[in-house]
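Enquirer: Pasting a structure below so you can have a look.
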Amino acid sequence: IYTLLEHDDVSAIIDLNLRRSGKLVYNDMEIGSDGVPVCPIGRKMIGWGKCPGRQRVKWRCPAKVGKWECPHPCSPSEYGRTFYTSTSDNPRLFPRVRRDSKEWKQRYALRTGVERCIKRQKVDYKLEASEGRSSRHWNIRVYLIAMCQHADAWLEEARKANLPSLDEWFASQLTA
């Protein structure tokens, strides 16, 4: 699925399942729940930009970037330890959009809204229980469900605006 999404230039917005494994490890480096590598002393590494030619993100040692003395340095280099992550290596673990960004939160909110909509179609309107065999039957059923969802949204907006209920509206139309 991820290869197909990458091929079609789609950014996957998929949360990590931390219940399954406890902690994530990639190339002997622990990865935090937000997709940021964690150095051996437990501090998040600092994002040092993207390498556009190789399609990867560079991360640096927090001690060397912050100019503080690390009690257990993991690299003898003056530059400090560097680590690279690439979406093509593991699109679920390292998506194109960083998990700790504002864009991620906006896209994730849209995704959950779509999931609620699909759940309403499948479960509440019993789309999965349909016994239609032809594509025409399925198309008609999906269109009818979409109209019902739209009517539900109208009624909810009318309720929020304190407009009269349908029964009251019909009664007023009959007396007029």
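By order in the structure tokens, chains are A, B, ...; within a chain, residues start at 1; ligands start at 1, following the order shown.
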What's around Lys67 of chain A at 12 Å? Count only C-alpha atoms, leave out sequence neighbours fewer than 5 positions away in its own chain, and write the answer as a PyMOL selection string.

Expert: chain A and resi 60-62+78-80

Enquirer: With a distance cut-off of 9 Å and only C-alpha atoms, select the neighbouring residues of segment 40-50 of chain A, excluding the residue or stretch itself and same-chain residues fewer than 5 positions from it, and output the selection as a compact mmCIF listing (two decimals) with N, CA, C and O atoms, in the first residue's frame.

Expert:
```txt
# COMPACT_ATOMS: atom_id res chain seq x y z
N MET A 29 18.67 2.37 16.02
CA MET A 29 18.37 3.67 16.62
C MET A 29 16.91 3.66 17.08
O MET A 29 16.03 3.29 16.31
N GLU A 30 16.70 4.03 18.33
CA GLU A 30 15.33 4.09 18.84
C GLU A 30 14.63 5.29 18.21
O GLU A 30 15.22 6.36 18.04
N ILE A 31 13.36 5.10 17.86
CA ILE A 31 12.56 6.15 17.24
C ILE A 31 11.41 6.49 18.18
O ILE A 31 10.72 5.59 18.68
N GLY A 32 11.19 7.78 18.42
CA GLY A 32 10.11 8.22 19.29
C GLY A 32 8.75 8.07 18.62
O GLY A 32 8.64 7.80 17.43
N GLN A 55 16.54 12.25 -1.08
CA GLN A 55 15.20 12.10 -0.51
C GLN A 55 15.23 11.54 0.91
O GLN A 55 14.60 10.56 1.24
N ARG A 56 16.01 12.21 1.76
CA ARG A 56 16.09 11.77 3.15
C ARG A 56 16.24 12.97 4.07
O ARG A 56 16.56 14.07 3.63
N VAL A 57 16.04 12.74 5.36
CA VAL A 57 16.13 13.79 6.37
C VAL A 57 17.34 13.51 7.24
O VAL A 57 17.60 12.37 7.64
N LYS A 58 18.08 14.55 7.55
CA LYS A 58 19.29 14.42 8.36
C LYS A 58 18.98 14.83 9.80
O LYS A 58 18.32 15.83 10.05
N TRP A 59 19.49 14.04 10.75
CA TRP A 59 19.33 14.31 12.18
C TRP A 59 20.72 14.38 12.81
O TRP A 59 21.60 13.60 12.47
N ARG A 60 20.89 15.33 13.76
CA ARG A 60 22.19 15.48 14.42
C ARG A 60 22.08 15.31 15.92
O ARG A 60 21.01 15.47 16.51
N CYS A 61 23.24 15.06 16.52
CA CYS A 61 23.36 14.89 17.97
C CYS A 61 22.90 16.16 18.68
O CYS A 61 23.36 17.26 18.36
N PRO A 62 22.00 16.03 19.68
CA PRO A 62 21.52 17.23 20.38
C PRO A 62 22.62 17.93 21.18
O PRO A 62 22.59 19.15 21.34
N ALA A 63 23.62 17.21 21.64
CA ALA A 63 24.71 17.81 22.42
C ALA A 63 25.57 18.71 21.54
O ALA A 63 25.94 19.83 21.93
N VAL A 65 24.74 20.09 18.62
CA VAL A 65 23.95 21.23 18.10
C VAL A 65 23.72 22.25 19.20
O VAL A 65 23.85 23.45 18.99
N CYS A 70 27.98 16.17 26.60
CA CYS A 70 27.22 14.92 26.76
C CYS A 70 27.97 14.01 27.73
O CYS A 70 29.18 13.82 27.60
N PRO A 71 27.27 13.41 28.72
CA PRO A 71 27.96 12.52 29.66
C PRO A 71 28.45 11.22 29.01
O PRO A 71 29.43 10.64 29.46
N HIS A 72 27.77 10.79 27.96
CA HIS A 72 28.14 9.56 27.26
C HIS A 72 28.12 9.82 25.75
O HIS A 72 27.16 9.44 25.07
N PRO A 73 29.16 10.45 25.21
CA PRO A 73 29.14 10.74 23.77
C PRO A 73 29.13 9.46 22.94
O PRO A 73 29.82 8.49 23.25
N CYS A 74 28.28 9.47 21.90
CA CYS A 74 28.15 8.27 21.06
C CYS A 74 28.98 8.37 19.79
O CYS A 74 28.99 7.45 19.00
N THR A 82 25.40 11.61 13.35
CA THR A 82 24.33 11.95 12.41
C THR A 82 23.56 10.68 12.07
O THR A 82 24.10 9.57 12.12
N PHE A 83 22.30 10.87 11.77
CA PHE A 83 21.42 9.75 11.43
C PHE A 83 20.50 10.22 10.32
O PHE A 83 20.03 11.36 10.34
```

Enquirer: List every residue of chain A that DSSP, applied to the backbone, labels as alpha helix (DSSP H), and write the result as a VMD selection string.

Expert: chain A and resid 2 to 7 18 to 21 62 to 66 102 to 119 135 to 160 166 to 175

Enquirer: Which of chain A end up as strand (DSSP E or B) when DSSP is run on this backbone - answer as a PyMOL selection string?

Expert: chain A and resi 24-26+29-31+37-38+44+46-51+56-60+82-85

Enquirer: One number please: atom CA of Ile140 of chain A to atom CA of Ala158 of chain A, in Å, one decimal.

Expert: 27.1 Å

Enquirer: From the options A:Glu168, A:Glu157, A:Glu128, A:Glu6, which residue's atoms come nearest to Arg96 of chain A, counting only C-alpha atoms?

Expert: A:Glu6

Enquirer: In Å, with one decimal, what is the gap from atom CA of Ser101 of chain A to atom CA of Val38 of chain A?

Expert: 17.5 Å

Enquirer: Counting only C-alpha atoms, which residue out of A:Arg141, A:Lys105, A:Lys119, A:Lys126 sits closest to Ile13 of chain A?

Expert: A:Lys105

Enquirer: Could you check which of A:Arg54, A:Lys64, A:Arg98, A:Arg136 is closest to Asp15 of chain A, using only C-alpha atoms?

Expert: A:Arg98

Enquirer: Under the rule that only C-alpha atoms are counted, which of A:Arg133, A:Arg99, A:His150, A:Arg92 is the nearest residue to Cys117 of chain A?

Expert: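 Comparing A:Arg133, A:Arg99, A:His150, A:Arg92 against Cys117 of chain A, the winner is A:His150.
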
Enquirer: Using only C-alpha atoms, which of the listed residues (A:Tyr84, A:Trp68, A:Phe94, A:Trp154) sits closest to Ser33 of chain A?

Expert: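 That would be A:Phe94, the residue with the smallest distance to Ser33 of chain A.
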
Enquirer: One decimal, Å: what's the distance from atom CA of Cys51 of chain A over to atom CA of Leu110 of chain A, could you say?

Expert: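 Distance between the two atoms: 28.9 Å.
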
Enquirer: Quick one: residues within 9 Å of Leu93 of chain A, only C-alpha atoms, excluding same-chain residues fewer than 5 positions away - as JSON, numbers by chain?

Expert: {"A": [14, 15, 16, 24, 26, 31, 35, 87]}
